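The block underneath contains the structure these notes are about, expressed in structure tokens.
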Amino acid sequence: MLRVITAMGAAIFFACATAAHAAVVIAGTRVVFPAPARDVSLKVENKGKEPALVQAWIDDGDEASSPSTARAPFAITPPVFRIDPGQAHTLRIVHAGDDTPREKEKLYWLNVLEIPPKPSDAEGKNILQFAFRHRLKLFHRPKGLSMPPERAVPSLRWSIEAEAGKAQLRVDNASPYHVSFNAIGVSPAVTASGSHALGGGMVGPGASARFSLPDAASRLRDMKVDFVTINDFGAAIPGSAAVEP
């Protein structure tokens with residue numbers, strides 16, 4: 001039996017099956033595809049001790065997608081390939097449609113599925129195998145947007161609002177870029193144990209996102225939000241901003 005798990009869910013399975021591990025490593029945590037470009041490349045490497053079969057496809061947000069059901073204006077060559085231990089392979093992503101964004105970037109998802117080889121001693125045995133799926137953001141970015149990418153984070157607007165009697169931290173993104181958060185917190189502390197961590201997430205271009213706060217937060221003054229964003233190169237960039245009342 002072959003079971004597929006995402007890279008994010010791999011840690012859960014590690015606790016139950018320590019022998020399972022992903023061998024395929026991708027050079028990067030996201031892909032930026034400039035709209036004028038015909039293709040971009042991505043390096044994939046096998047860090048394991050056994051050969052692996054890799055299958056890749058791109059979807060428009062359906063996490064349950066497969067190569068036969070995924071919808072996106074891109075093609076990948078090769079879509080399926082074998083990669084030997086210690087070897088690297090280059091994926092070529094080609095724009096293969098007319099769905100080109102104009103005023104803001106558009107989000108797609110790159111799936112890289114690693115299928116392990118069948119064990120040589122598996123004949124006549126019940127073997128549980130794990131196929132690891134890496135899922136990376138792919139940003140299709142138009143040329144000549146209203147601001148450079150580094151201005152996206154400073155342009156965010158933070159405020160507090162109440163919904164159904166609950167305090168929420170709201171972020172509005174007026175930029176044409178997606179902004180990804182590795183971590184978000186507020187200060188001064190809103191709980192006795194220290195500053196309140198709100199997790200991570202993403203806010204799309206021209207969109208807003210909300211994070212639940214303790215009720216005490218709605219009574220605070222001069223609140224500040226501390227956050228860590230992820231840039232185009234996958235680097236974590238700390239920042240902070242004032243929260244509007």
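Labels for the structure tokens follow display order: chains A, B, ..., residues from 1 in each chain, ligands from 1.
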message = So that I can see what lies close to stretch 69-78 of chain A, please list as an MDAnalysis selection string the residues with an atom at most 7 Å from it, counting only C-alpha atoms and leaving out residues fewer than 5 positions away in the same chain.
response = chainID A and resid 56:60 91:97 99
Shell of 6 Å around A:Phe181, only C-alpha atoms, local chain residues under 4 positions omitted, as a compact mmCIF listing (two decimals) with C-alpha atoms, in the first residue's frame:
# COMPACT_ATOMS: atom_id res chain seq x y z
CA GLY A 200 1.08 32.63 10.53
CA GLY A 201 -0.77 32.85 7.27
CA MET A 202 -1.00 34.91 4.10
CA VAL A 228 8.01 37.70 10.39
CA THR A 229 7.38 37.71 6.64
- Query: Smallest atom-to-atom distance to A:Phe132: which of A:Gln55, A:Thr29, A:Ser187, A:Gln87, using only C-alpha atoms?
  - Reply: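 Among the listed residues, A:Gln55 lies closest to A:Phe132.
Near A:Asp226, within a cut-off of 10 Å and counting only C-alpha atoms, sit the residues Ala183, Ile184, Gly185, Val186, Ser187, Ser195, Ala197, Pro238, Gly239, Ser240, Ala241 and Ala242 of chain A, with same-chain residues fewer than 4 positions away left out.
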Would you kindly return, as a count of residues only, each protein, DNA or RNA residue with an atom no farther than 8 Å from any atom of A:Leu138, considering only C-alpha atoms and excluding same-chain residues fewer than 6 positions away?
-> 8
As a compact mmCIF listing (two decimals) with C-alpha atoms, in the first residue's frame, please: every residue in stretch 2-104 of chain A that DSSP puts in helix (DSSP H, G or I).
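Final output, selection_20.txt:
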# COMPACT_ATOMS: atom_id res chain seq x y z
CA ALA A 10 5.19 14.49 7.49
CA ALA A 11 6.10 15.22 11.12
CA ILE A 12 2.89 13.57 12.32
CA PHE A 13 3.77 10.35 10.53
CA PHE A 14 7.38 10.46 11.72
task: May I ask which of the residues A:His178, A:Lys166, A:Lys224, A:Lys143 is the closest one to A:Ala37, counting only C-alpha atoms?
output: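 The closest residue to A:Ala37 is A:Lys143.
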Using only C-alpha atoms, the shortest atom-to-atom distance to A:Arg135 among A:Ser180, A:Asn111, A:Ser208, A:Ser155 belongs to A:Asn111
Practice task
Name the residues of stretch 26-138 of chain A that fall into strand (DSSP E) according to DSSP on the backbone, using the chain letters and numbers of this document, as an MDAnalysis selection string.
Solution key: chainID A and resid 26 30:34 39:46 52:59 74:77 80:83 88:95 106:115 129:138
